[in-house]
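Visitor: Please find run_1.cif (mmCIF, C-alpha atoms) on the next line:
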```
data_upload
loop_
_atom_site.label_atom_id
_atom_site.label_comp_id
_atom_site.auth_asym_id
_atom_site.auth_seq_id
_atom_site.Cartn_x
_atom_site.Cartn_y
_atom_site.Cartn_z
CA MET A 29 120.52 74.87 62.66
CA LYS A 30 117.26 75.10 64.57
CA ILE A 31 117.31 73.20 67.87
CA LEU A 32 113.98 72.85 69.63
CA ILE A 33 113.59 71.54 73.20
CA ILE A 34 110.13 70.45 74.32
CA GLY A 35 109.71 70.57 78.09
CA GLY A 36 111.16 72.83 80.79
CA GLY A 37 111.78 70.27 83.52
CA MET A 38 115.15 69.11 84.73
CA GLY A 39 116.24 67.32 81.55
CA GLY A 40 115.11 70.02 79.13
CA THR A 41 116.55 72.85 81.22
CA ILE A 42 119.98 71.27 81.75
CA LEU A 43 120.16 70.37 78.06
CA ALA A 44 119.22 73.91 76.96
CA ASN A 45 121.80 75.52 79.23
CA ASN A 46 124.48 73.00 78.33
CA LEU A 47 123.90 73.70 74.64
CA ALA A 48 123.74 77.48 75.10
CA ARG A 49 127.19 77.44 76.65
CA ARG A 50 128.72 75.03 74.16
CA LEU A 51 127.22 76.88 71.19
CA GLN A 52 127.66 80.47 72.38
CA PRO A 53 129.52 81.66 69.24
CA GLU A 54 127.04 79.91 66.93
CA LEU A 55 124.07 81.41 68.80
CA LYS A 56 125.66 84.85 68.62
CA SER A 57 126.33 84.61 64.90
CA GLY A 58 122.86 83.28 64.17
CA LYS A 59 124.17 79.96 62.83
CA VAL A 60 122.19 78.19 65.56
CA ARG A 61 118.77 79.00 66.99
CA LEU A 62 117.94 77.36 70.34
CA SER A 63 114.32 77.39 71.53
CA MET A 64 112.43 75.85 74.44
CA LEU A 65 108.69 75.33 74.71
CA SER A 66 107.18 74.55 78.10
CA ALA A 67 103.76 74.19 79.66
CA SER A 68 104.68 76.45 82.58
CA ASP A 69 106.60 79.63 83.38
CA LYS A 70 107.64 78.01 86.67
CA HIS A 71 110.24 75.31 87.30
CA MET A 72 109.62 72.92 90.17
CA TYR A 73 112.28 71.03 92.12
CA GLN A 74 110.26 67.81 92.25
CA PRO A 75 112.41 65.89 94.79
CA GLY A 76 111.48 68.59 97.29
CA LEU A 77 107.91 67.28 97.41
CA LEU A 78 109.07 64.47 99.71
CA TYR A 79 110.13 67.08 102.28
CA LEU A 80 106.95 69.10 101.73
CA ALA A 81 104.83 66.04 102.60
CA LEU A 82 106.65 65.82 105.94
CA GLY A 83 106.48 69.53 106.77
CA ARG A 84 110.17 70.09 106.27
CA THR A 85 109.94 72.66 103.50
CA THR A 86 107.32 75.01 102.07
CA PRO A 87 105.97 75.21 98.52
CA ASP A 88 107.69 78.51 97.67
CA GLU A 89 111.08 76.84 98.23
CA LEU A 90 110.38 74.45 95.37
CA TYR A 91 109.87 76.96 92.54
CA ARG A 92 111.86 79.39 90.42
CA ASP A 93 110.83 81.33 87.33
CA GLN A 94 111.84 79.14 84.40
CA GLU A 95 113.25 82.07 82.44
CA SER A 96 115.57 82.97 85.34
CA LEU A 97 117.24 79.56 85.03
CA LEU A 98 118.00 79.84 81.32
CA GLU A 99 121.19 81.11 79.69
CA PRO A 100 120.94 84.17 77.43
CA GLY A 101 120.35 83.12 73.85
CA ILE A 102 117.67 80.55 74.63
CA LYS A 103 114.32 81.58 73.19
CA PHE A 104 111.76 80.49 75.77
CA ALA A 105 107.98 80.38 75.35
CA VAL A 106 105.18 79.12 77.55
CA ASP A 107 103.26 77.41 74.78
CA PRO A 108 102.90 73.65 75.14
CA VAL A 109 103.09 71.44 72.08
CA GLU A 110 99.82 69.83 71.00
CA GLN A 111 100.83 68.23 67.74
CA PHE A 112 104.07 66.62 66.64
CA MET A 113 104.52 66.54 62.84
CA LEU A 114 107.71 64.51 62.68
CA ASP A 115 107.73 63.99 58.92
CA GLN A 116 107.66 67.77 58.42
CA ASN A 117 110.11 68.53 61.28
CA GLN A 118 107.47 70.73 62.86
CA VAL A 119 105.35 71.02 65.99
CA ARG A 120 102.10 72.90 66.51
CA THR A 121 101.53 74.55 69.90
CA LYS A 122 98.48 75.37 71.98
CA SER A 123 98.52 78.94 70.67
CA GLY A 124 98.42 77.61 67.10
CA LYS A 125 102.00 78.54 66.23
CA ILE A 126 104.13 76.24 64.10
CA TYR A 127 107.75 75.72 65.12
CA ASP A 128 110.28 74.23 62.68
CA TYR A 129 113.32 72.32 63.80
CA ASP A 130 116.36 70.55 62.47
CA VAL A 131 116.97 68.79 65.79
CA MET A 132 114.35 68.30 68.50
CA ALA A 133 114.69 66.97 72.06
CA ILE A 134 111.55 65.81 73.84
CA ALA A 135 111.58 66.00 77.64
CA THR A 136 107.95 66.29 78.62
CA GLY A 137 108.21 64.13 81.76
CA SER A 138 105.63 61.97 83.48
CA ARG A 139 102.62 62.23 85.79
CA MET A 140 101.12 60.09 88.49
CA VAL A 141 97.93 58.21 87.57
CA PRO A 142 96.37 57.02 90.85
CA GLU A 143 93.01 56.85 89.07
CA THR A 144 94.15 53.65 87.32
CA ILE A 145 93.64 51.71 90.59
CA PRO A 146 90.01 51.67 91.80
CA GLY A 147 89.66 53.55 95.08
CA LEU A 148 93.26 54.71 95.29
CA ALA A 149 92.85 58.39 94.43
CA GLU A 150 90.07 58.80 97.01
CA ASN A 151 91.66 56.87 99.86
CA ALA A 152 95.44 57.33 99.71
CA GLU A 153 97.90 60.13 100.33
CA PHE A 154 100.54 61.06 97.72
CA PHE A 155 103.48 63.41 97.41
CA TYR A 156 103.91 63.82 93.65
CA THR A 157 102.26 67.25 93.29
CA GLU A 158 102.32 70.34 95.50
CA GLU A 159 98.64 69.95 96.30
CA SER A 160 98.87 66.26 97.23
CA ALA A 161 102.03 66.75 99.31
CA VAL A 162 100.44 69.57 101.35
CA LYS A 163 97.31 67.46 101.82
CA MET A 164 99.43 64.52 102.96
CA PHE A 165 101.24 66.64 105.54
CA LYS A 166 97.97 67.90 106.99
CA ARG A 167 96.72 64.32 107.18
CA LEU A 168 99.92 63.26 108.95
CA GLN A 169 99.57 66.09 111.44
CA ALA A 170 96.06 64.94 112.32
CA PHE A 171 97.05 61.25 112.52
CA GLN A 172 97.15 60.00 116.09
CA GLY A 173 98.10 56.38 115.50
CA GLY A 174 97.19 53.21 113.65
CA ARG A 175 98.41 51.11 110.76
CA VAL A 176 100.26 53.02 108.05
CA VAL A 177 100.58 51.11 104.79
CA ILE A 178 103.01 52.19 102.08
CA THR A 179 102.23 50.86 98.62
CA VAL A 180 103.95 51.19 95.27
CA GLY A 181 102.64 51.33 91.69
CA VAL A 182 104.55 50.47 88.51
CA PRO A 183 106.23 52.25 86.86
CA HIS A 184 106.89 55.12 89.26
CA LYS A 185 109.01 58.22 89.39
CA CYS A 186 111.96 58.20 91.83
CA PRO A 187 112.72 54.56 92.70
CA MET A 188 114.09 55.56 96.12
CA ALA A 189 110.87 57.29 97.18
CA PRO A 190 109.23 54.15 98.68
CA LEU A 191 112.17 53.48 101.00
CA GLU A 192 112.68 57.14 101.80
CA ILE A 193 109.09 57.75 102.81
CA ALA A 194 109.15 54.63 105.01
CA PHE A 195 112.28 55.69 106.89
CA MET A 196 111.21 59.34 107.11
CA LEU A 197 107.72 58.48 108.35
CA TYR A 198 109.33 56.37 111.09
CA ASP A 199 111.36 59.36 112.28
CA TYR A 200 108.36 61.70 111.89
CA PHE A 201 106.20 59.58 114.21
CA LYS A 202 109.14 59.06 116.57
CA ASP A 203 109.64 62.83 116.88
CA ARG A 204 105.96 63.27 117.61
CA GLY A 205 106.22 60.69 120.38
CA ILE A 206 103.52 58.43 118.92
CA LEU A 207 105.69 55.66 117.49
CA ASP A 208 104.26 53.19 120.01
CA LYS A 209 100.81 53.84 118.53
CA VAL A 210 101.92 53.46 114.90
CA LYS A 211 102.61 50.35 112.85
CA ILE A 212 104.34 50.92 109.49
CA HIS A 213 103.78 48.23 106.85
CA TYR A 214 105.64 48.43 103.53
CA THR A 215 104.56 46.67 100.34
CA TYR A 216 106.60 46.33 97.15
CA PRO A 217 105.83 44.96 93.66
CA ILE A 218 108.72 42.49 93.25
CA GLY A 219 110.17 39.78 95.48
CA ARG A 220 112.41 42.01 97.61
CA VAL A 221 112.04 45.44 99.25
CA HIS A 222 113.74 47.35 96.43
CA SER A 223 114.42 46.79 92.75
CA LEU A 224 118.19 47.19 93.26
CA GLU A 225 119.35 43.96 94.86
CA ASN A 226 122.14 45.55 96.90
CA VAL A 227 119.83 48.31 98.11
CA ALA A 228 117.27 45.68 99.11
CA LYS A 229 119.96 43.76 101.00
CA TRP A 230 120.74 46.90 102.96
CA ALA A 231 117.15 48.09 103.49
CA ALA A 232 115.48 44.86 104.67
CA PRO A 233 117.61 44.53 107.85
CA GLU A 234 117.08 48.27 108.48
CA PHE A 235 113.32 47.67 108.33
CA ASP A 236 113.70 44.69 110.70
CA LYS A 237 115.67 46.83 113.14
CA LEU A 238 113.00 49.55 113.15
CA GLY A 239 110.06 47.18 113.32
CA ILE A 240 108.78 48.13 109.85
CA SER A 241 107.02 45.04 108.48
CA TYR A 242 107.00 44.32 104.76
CA GLU A 243 105.26 42.26 102.14
CA THR A 244 106.84 41.71 98.74
CA LEU A 245 105.25 40.63 95.44
CA PHE A 246 102.41 43.02 96.19
CA ASN A 247 100.91 44.93 93.25
CA MET A 248 97.93 47.15 93.96
CA LYS A 249 94.63 45.95 92.53
CA GLU A 250 92.00 47.99 94.38
CA VAL A 251 91.31 49.93 97.53
CA ASP A 252 88.20 49.27 99.59
CA GLY A 253 87.85 52.66 101.22
CA LYS A 254 84.81 51.76 103.29
CA ASN A 255 86.56 48.88 105.05
CA LYS A 256 90.05 50.38 104.70
CA ILE A 257 91.55 47.40 102.93
CA LEU A 258 94.14 47.37 100.13
CA ARG A 259 94.00 44.33 97.84
CA SER A 260 96.76 43.04 95.58
CA GLU A 261 96.88 41.44 92.14
CA GLU A 262 98.56 38.51 93.88
CA GLY A 263 95.41 37.79 95.87
CA THR A 264 96.46 39.15 99.26
CA GLU A 265 95.05 42.07 101.23
CA THR A 266 96.21 44.36 103.98
CA PRO A 267 94.21 46.68 106.24
CA PHE A 268 95.20 50.30 106.78
CA ASP A 269 94.32 53.36 108.79
CA LEU A 270 96.53 55.59 106.66
CA LEU A 271 97.48 54.61 103.12
CA VAL A 272 100.52 56.30 101.56
CA ALA A 273 100.95 55.49 97.88
CA ILE A 274 103.66 55.91 95.33
CA PRO A 275 101.23 55.69 92.40
CA ALA A 276 101.95 54.33 88.96
CA HIS A 277 103.06 56.93 86.43
CA ARG A 278 102.51 57.52 82.75
CA GLY A 279 104.13 59.83 80.26
CA MET A 280 102.29 62.99 79.26
CA GLU A 281 99.01 62.72 77.38
CA VAL A 282 100.33 64.68 74.39
CA ILE A 283 102.83 61.87 73.71
CA GLU A 284 100.09 59.22 73.63
CA LYS A 285 97.65 61.39 71.69
CA ASN A 286 100.24 61.90 68.97
CA GLY A 287 100.97 58.17 68.82
CA LEU A 288 104.60 58.63 69.82
CA GLY A 289 104.58 55.88 72.45
CA GLN A 290 102.25 53.62 74.41
CA GLY A 291 101.70 54.84 77.96
CA GLY A 292 103.32 58.15 77.00
CA TRP A 293 106.78 56.55 76.88
CA ILE A 294 108.64 57.12 73.61
CA PRO A 295 110.65 54.17 72.25
CA THR A 296 114.23 55.42 72.58
CA ASN A 297 117.67 54.08 71.73
CA ARG A 298 119.33 53.54 75.10
CA ALA A 299 122.79 54.67 73.96
CA LYS A 300 122.08 57.34 71.33
CA LEU A 301 118.90 58.67 73.03
CA THR A 302 117.32 59.00 69.60
CA MET A 303 113.64 58.27 69.16
CA GLU A 304 113.44 54.89 67.40
CA GLY A 305 113.30 55.51 63.64
CA ARG A 306 114.21 59.22 63.89
CA SER A 307 117.82 60.40 63.75
CA ASN A 308 117.01 64.07 64.49
CA VAL A 309 114.60 63.53 67.42
CA PHE A 310 116.11 62.89 70.84
CA VAL A 311 114.30 61.88 74.01
CA LEU A 312 115.42 62.27 77.61
CA GLY A 313 114.23 62.04 81.19
CA ASP A 314 111.05 60.23 82.21
CA THR A 315 109.72 60.41 78.63
CA THR A 316 111.90 57.55 77.32
CA ASN A 317 110.95 53.88 77.46
CA ILE A 318 114.51 52.94 78.44
CA PRO A 319 114.47 50.35 81.28
CA ILE A 320 116.12 52.72 83.69
CA SER A 321 115.12 54.75 86.76
CA LYS A 322 112.66 57.57 86.17
CA ALA A 323 114.63 60.06 88.23
CA GLY A 324 116.04 63.57 88.03
CA SER A 325 119.59 62.29 87.97
CA THR A 326 118.81 60.11 84.94
CA ALA A 327 117.53 63.19 83.12
CA HIS A 328 120.59 65.13 84.29
CA PHE A 329 123.17 62.65 82.97
CA GLU A 330 121.23 62.08 79.76
CA ALA A 331 121.10 65.86 79.21
CA GLU A 332 124.88 66.13 79.62
CA ALA A 333 125.47 63.37 77.05
CA LEU A 334 122.95 64.91 74.67
CA GLY A 335 124.38 68.42 75.11
CA GLU A 336 127.78 67.14 74.07
CA ASN A 337 126.31 65.21 71.14
CA ILE A 338 124.02 67.89 69.73
CA ALA A 339 126.79 70.49 70.02
CA ALA A 340 129.09 68.06 68.20
CA MET A 341 126.48 67.64 65.47
CA VAL A 342 126.70 71.41 64.93
CA LYS A 343 130.48 71.59 65.10
CA LEU A 344 131.56 68.21 63.63
CA GLY A 345 128.45 66.98 61.88
CA THR A 346 128.17 63.89 64.13
CA PRO A 347 127.47 62.90 67.76
CA VAL A 348 130.52 61.89 69.77
CA ARG A 349 129.49 59.64 72.63
CA ASP A 350 126.94 57.20 74.00
CA TYR A 351 124.90 57.56 77.19
CA ASP A 352 126.15 54.81 79.50
CA GLY A 353 123.06 54.53 81.72
CA LYS A 354 124.57 56.51 84.59
CA VAL A 355 122.22 57.21 87.52
CA PHE A 356 123.01 58.63 90.96
CA CYS A 357 120.29 58.59 93.61
CA PHE A 358 120.47 59.83 97.16
CA ILE A 359 118.59 57.63 99.64
CA GLU A 360 117.28 59.38 102.75
CA ALA A 361 117.38 56.76 105.50
CA GLY A 362 115.55 58.89 108.05
CA LYS A 363 115.46 62.54 109.07
CA ASP A 364 119.22 62.88 109.56
CA ARG A 365 121.05 60.11 107.72
CA ALA A 366 121.37 59.09 104.09
CA THR A 367 123.24 56.96 101.62
CA TYR A 368 123.30 56.78 97.83
CA ALA A 369 123.19 54.40 94.88
CA MET A 370 125.25 55.00 91.75
CA PHE A 371 125.04 52.63 88.80
CA ASP A 372 124.99 52.35 85.01
CA TYR A 373 124.07 49.76 82.38
CA GLN A 374 127.11 47.63 83.27
CA ASN A 375 127.71 48.20 86.96
CA PRO A 376 125.24 47.65 89.81
CA PRO A 377 125.30 49.97 92.84
CA ASP A 378 127.05 49.19 96.09
CA PRO A 379 125.33 51.33 98.74
CA LYS A 380 127.23 52.11 101.93
CA ALA A 381 125.90 52.46 105.46
CA PRO A 382 123.94 55.73 105.89
CA THR A 383 125.78 58.70 107.36
CA LYS A 384 124.85 62.14 108.63
CA ALA A 385 127.38 63.63 106.21
CA MET A 386 125.52 62.17 103.20
CA HIS A 387 122.23 63.51 104.56
CA TRP A 388 123.70 67.00 104.80
CA PHE A 389 125.12 66.61 101.30
CA LYS A 390 121.55 65.88 100.15
CA MET A 391 120.28 68.93 102.06
CA ALA A 392 122.95 71.01 100.33
CA TYR A 393 122.02 69.53 96.95
CA ASN A 394 118.40 70.57 97.51
CA LYS A 395 119.75 74.16 97.31
CA LEU A 396 122.46 73.44 94.77
CA TYR A 397 119.81 72.05 92.43
CA TRP A 398 119.26 75.54 91.03
CA VAL A 399 122.92 75.61 90.01
CA SER A 400 122.53 72.13 88.56
CA ALA A 401 119.49 73.17 86.49
CA ARG A 402 121.59 75.99 85.07
CA GLY A 403 123.94 73.29 83.82
CA LEU A 404 126.81 74.33 86.09
CA LEU A 405 126.99 71.32 88.46
CA MET B 29 93.98 40.25 68.12
CA ALA B 30 96.73 39.04 70.50
CA GLN B 31 100.10 40.69 69.99
CA LYS B 32 103.72 39.74 70.68
CA LYS B 33 105.67 42.36 72.58
CA LEU B 34 109.37 42.57 73.38
CA ILE B 35 110.60 44.08 76.65
CA ASP B 36 114.33 44.67 76.37
CA ALA B 37 115.43 44.93 80.01
CA ARG B 38 119.07 44.02 79.45
CA GLY B 39 121.33 46.07 81.71
CA SER B 40 118.41 47.22 83.82
CA PHE B 41 119.31 47.20 87.50
CA CYS B 42 116.55 49.65 88.39
CA PRO B 43 113.65 49.23 87.89
CA GLY B 44 114.82 45.80 86.67
CA PRO B 45 113.34 43.15 84.37
CA LEU B 46 110.46 42.03 86.60
CA MET B 47 109.29 45.60 87.23
CA GLU B 48 109.54 46.27 83.48
CA LEU B 49 107.39 43.20 82.86
CA ILE B 50 104.80 44.29 85.44
CA ALA B 51 104.61 47.70 83.72
CA GLY B 52 104.36 46.02 80.31
CA MET B 53 101.66 43.67 81.56
CA LYS B 54 99.49 46.62 82.58
CA MET B 55 99.56 47.98 79.04
CA ALA B 56 98.98 44.58 77.40
CA GLU B 57 95.70 42.92 76.48
CA VAL B 58 94.63 39.48 77.70
CA GLY B 59 96.20 36.91 75.35
CA ASP B 60 99.23 39.05 74.44
CA GLU B 61 102.64 37.39 74.58
CA LEU B 62 105.47 39.30 76.22
CA GLU B 63 109.10 38.31 75.82
CA VAL B 64 111.49 39.78 78.39
CA LEU B 65 115.20 40.02 77.63
CA SER B 66 117.27 40.09 80.81
CA SER B 67 120.97 40.02 81.54
CA ASP B 68 120.19 39.12 85.17
CA LYS B 69 120.05 35.37 85.73
CA GLY B 70 117.79 36.03 88.75
CA SER B 71 115.02 36.87 86.26
CA ALA B 72 114.79 33.17 85.34
CA ASN B 73 113.47 32.60 88.88
CA ASP B 74 111.71 35.76 89.96
CA ILE B 75 109.65 36.25 86.78
CA PRO B 76 108.15 32.71 86.85
CA GLU B 77 107.50 33.13 90.60
CA TRP B 78 105.48 36.31 90.01
CA ILE B 79 103.71 34.92 86.93
CA LYS B 80 102.58 31.89 88.95
CA LYS B 81 101.47 33.97 91.93
CA VAL B 82 99.36 36.37 89.84
CA GLY B 83 97.98 33.69 87.55
CA HIS B 84 99.45 34.53 84.14
CA GLU B 85 101.00 31.87 81.92
CA MET B 86 104.69 30.97 81.50
CA LEU B 87 105.52 30.02 77.91
CA GLY B 88 109.25 29.42 78.14
CA THR B 89 112.71 30.39 79.34
CA ARG B 90 115.97 30.05 77.42
CA GLU B 91 119.45 31.50 77.71
CA GLU B 92 121.47 32.68 74.74
CA ALA B 93 124.91 34.25 75.12
CA GLY B 94 124.25 35.49 78.64
CA VAL B 95 120.79 36.87 77.86
CA TRP B 96 117.69 35.23 79.29
CA HIS B 97 114.62 35.20 77.06
CA ILE B 98 111.52 34.71 79.20
CA THR B 99 108.20 34.49 77.42
CA VAL B 100 104.84 34.83 79.17
CA ARG B 101 101.20 35.30 78.24
CA LYS B 102 98.80 37.70 79.93
CA ALA B 103 96.00 35.46 81.16
CA LYS B 104 93.65 37.85 82.93
#
```
Please lay out the structure from this file as structure tokens.
Guide:
Amino acid sequence: MKILIIGGGMGGTILANNLARRLQPELKSGKVRLSMLSASDKHMYQPGLLYLALGRTTPDELYRDQESLLEPGIKFAVDPVEQFMLDQNQVRTKSGKIYDYDVMAIATGSRMVPETIPGLAENAEFFYTEESAVKMFKRLQAFQGGRVVITVGVPHKCPMAPLEIAFMLYDYFKDRGILDKVKIHYTYPIGRVHSLENVAKWAAPEFDKLGISYETLFNMKEVDGKNKILRSEEGTETPFDLLVAIPAHRGMEVIEKNGLGQGGWIPTNRAKLTMEGRSNVFVLGDTTNIPISKAGSTAHFEAEALGENIAAMVKLGTPVRDYDGKVFCFIEAGKDRATYAMFDYQNPPDPKAPTKAMHWFKMAYNKLYWVSARGLL
Amino acid sequence: MAQKKLIDARGSFCPGPLMELIAGMKMAEVGDELEVLSSDKGSANDIPEWIKKVGHEMLGTREEAGVWHITVRKAK
């Protein structure tokens, strides 16, 4: 059986390693061939960008060589897919090679698209790429006070990022001794400060306590850079001296170009993780259109379910379990305290009060991630 | 030509039905109808509230076996 994984991010890498371990005898005997195609020879720990934007880590800490993370037996190539030929069970890559598969998993991820809001790319700071996070930190360093507005596009990667950046910016300005010169104003697309009701119930009083003001039902429409005003679809506007945006995201262009899904999101069965209408094509991570958080932990738990299922297809001829919608997100509530939200399709989260212990667990996880990517944690 | 689109947000705690609708609205054309399926009864209030505030059109809300079907039209 030929198993082909498209994408070397968190979901693709955990899936490949999970399968390589489960199918070690089959890989050794040649019964199974496991290949991964990626656009890069480097693997980035994307959650680390939040810390990079606040000067708490450096870019080199966020990368490893992709090949060094992969189990022996996985055939890895830096050769991104340009054409999906699903009826032929084939893909064509940038180099022109054709790869056949019996089972394919697509995990190409997502990208921020600030350019979809007029004026946003030119006037806001972001932390979703290395370059933008470094730029944001330099801007923060030079900032001497004023009104900081945090704004959020839909859909976006990492649903905790808006809250985390608000709390962490508060501590950043406090440590610099300029908090009395800074006003933090938080905007959010729906009618509370976070999509998770219990998280919103916890976060709003925290904002009140810290003097962080907020405006809900605020969806970015345009940025007037000359007058430093952010306007919303709802007809309101807010002035800013520093605009920090969590921009809207889209799936990768190759998904849209091949007609696999509008916006780059592939229609996916929420339990089986199959692409709608295709029993041998699986989708995981940000690439799905499942109404669930676009987050590393989602990709992680999906990859574990898929690893078990694809290995079972080899050994038993059938998948064995459904993905239950499990997500676990840390929530940094400042520079030295954190909490978490764990939930699935049936059970909402019940976040606890932030603790220093949970923050240090998150700090440890930032290092343990490399073990996680290898499929060991 | 206006299209009808289904947004199945049942079991979605995060990002949740309203956020799914906002994302769907951005990809829709003016005149398209979007039907949101939600297992959260709060959607029957917060979706109409947002639709009214932004200026889209509410077409209807009904509940069937614990699932709310909320239909809206993109108006601008």
Visitor: Between B:Asp74, B:Asp68, B:Glu57, B:Glu63, single out the one closest to chain A, counting all atoms listed in the file.
Guide: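 Residue with the minimum atom-to-atom distance to chain A: B:Asp74.
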Visitor: Which residues are close to Ala339 in chain A, i.e. within 7 Å by only C-alpha atoms, leaving aside same-chain residues fewer than 2 positions away? Reply as a list in words.
Guide: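 My list of contacting residues is Leu47, Arg50, Leu51, Gly335, Glu336, Asn337, Met341, Val342 and Lys343 of chain A.
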Visitor: Might you spell out which residues the PyMOL selection byres ((chain A) within 10 of (chain B)) would select in the displayed file, as a PyMOL selection string?
Guide: chain A and resi 181-184+186-187+217-220+222-226+245-247+260-263+276-277+290-291+317-322+353+355+371-377
Visitor: For Val221 in chain A, please output as a list of chain:residue names all residues within 7 Å (counting all atoms listed in the file; exclusion window: fewer than 6 positions along the same chain).
Guide: A:Ala228, A:Ala232, A:Thr244
Visitor: Fewer than 4 positions away in the same chain doesn't count, so skip those; otherwise give me all residues within 10 Å of range 106-114 of chain A, counting all atoms listed in the file, as a VMD selection string.
Guide: chain A and resid 34 to 36 64 to 70 94 to 95 118 to 129 132 136 281 to 283 285 to 288 306 308 to 309
Visitor: Going by the chain IDs and residue numbers used in this file, which residues fall under the PyMOL selection byres ((chain B and resi 90-96) around 9)? Write them as a list in words.
Guide: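 Applying the PyMOL selection byres ((chain B and resi 90-96) around 9) to the structure shown produces Arg38, Val64, Leu65, Ser66, Ser67, Asp68, Lys69, Ser71, Ala72, Gly88, Thr89, His97, Ile98 and Thr99 of chain B.
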Visitor: Just to confirm, what's the straight-line distance from CA of Ala152 in chain A to CA of Leu271 in chain A in Å (one decimal)?
Guide: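 Between these atoms lies a distance of 4.8 Å.
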Visitor: With a distance cut-off of 8 Å and all atoms listed in the file, select the neighbouring residues of Asp364 in chain A, excluding the residue or stretch itself and same-chain residues fewer than 4 positions from it, and output the selection as a list of chain:residue names.
Guide: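 Neighbouring residues, sequence-local ones excluded: A:Glu360, A:Lys384, A:His387, A:Trp388.
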Visitor: Given the file above and the PyMOL selection byres ((chain A and resi 209) around 12), which residues are selected, and can you give them as a ChimeraX atom specification?
Guide: /A:171-176,198,201-202,204-208,210-212,269
Visitor: Given only C-alpha atoms as the basis, pick out the residue of A:Gln74, A:Ser57, A:Asn117, A:Thr326 nearest to Pro87 in chain A.
Guide: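 Smallest separation from Pro87 in chain A among the options: A:Gln74.
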Visitor: Pick out the closest residue to Met29 in chain A from this set: A:Ala273, A:Val131, A:Met370, A:Met164. Count only C-alpha atoms.
Guide: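 Of A:Ala273, A:Val131, A:Met370, A:Met164, the one nearest Met29 in chain A is A:Val131, counting only C-alpha atoms.
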Visitor: Excluding Ala385 in chain A and its own-chain neighbours fewer than 2 positions away, which residues fall within 10 Å of it when counting only C-alpha atoms? Please give them as a short mmCIF file (atom, residue, chain, number, x, y, z; two decimals) with C-alpha atoms, keeping the file's coordinate frame.
Guide:
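Contents of out.cif, as written:
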```
data_model
loop_
_atom_site.label_atom_id
_atom_site.label_comp_id
_atom_site.auth_asym_id
_atom_site.auth_seq_id
_atom_site.Cartn_x
_atom_site.Cartn_y
_atom_site.Cartn_z
CA ASP A 364 119.22 62.88 109.56
CA ARG A 365 121.05 60.11 107.72
CA ALA A 366 121.37 59.09 104.09
CA THR A 367 123.24 56.96 101.62
CA PRO A 382 123.94 55.73 105.89
CA THR A 383 125.78 58.70 107.36
CA HIS A 387 122.23 63.51 104.56
CA TRP A 388 123.70 67.00 104.80
CA PHE A 389 125.12 66.61 101.30
CA LYS A 390 121.55 65.88 100.15
CA MET A 391 120.28 68.93 102.06
#
```
Visitor: Give, as lines of an AutoDock Vina configuration file, the centre coordinates and the x, y and z edge lengths in Å to one decimal for an axis-aligned box around all listed atoms of range 97-101 of chain B, padded by 4 Å on each side.
Guide:
```
center_x = 107.9
center_y = 34.9
center_z = 78.1
size_x = 21.4
size_y = 8.8
size_z = 10.1
```
Visitor: What does the distance from CA of Leu148 in chain A to CA of Tyr216 in chain A come to in Å, to one decimal?
Guide: 15.9 Å
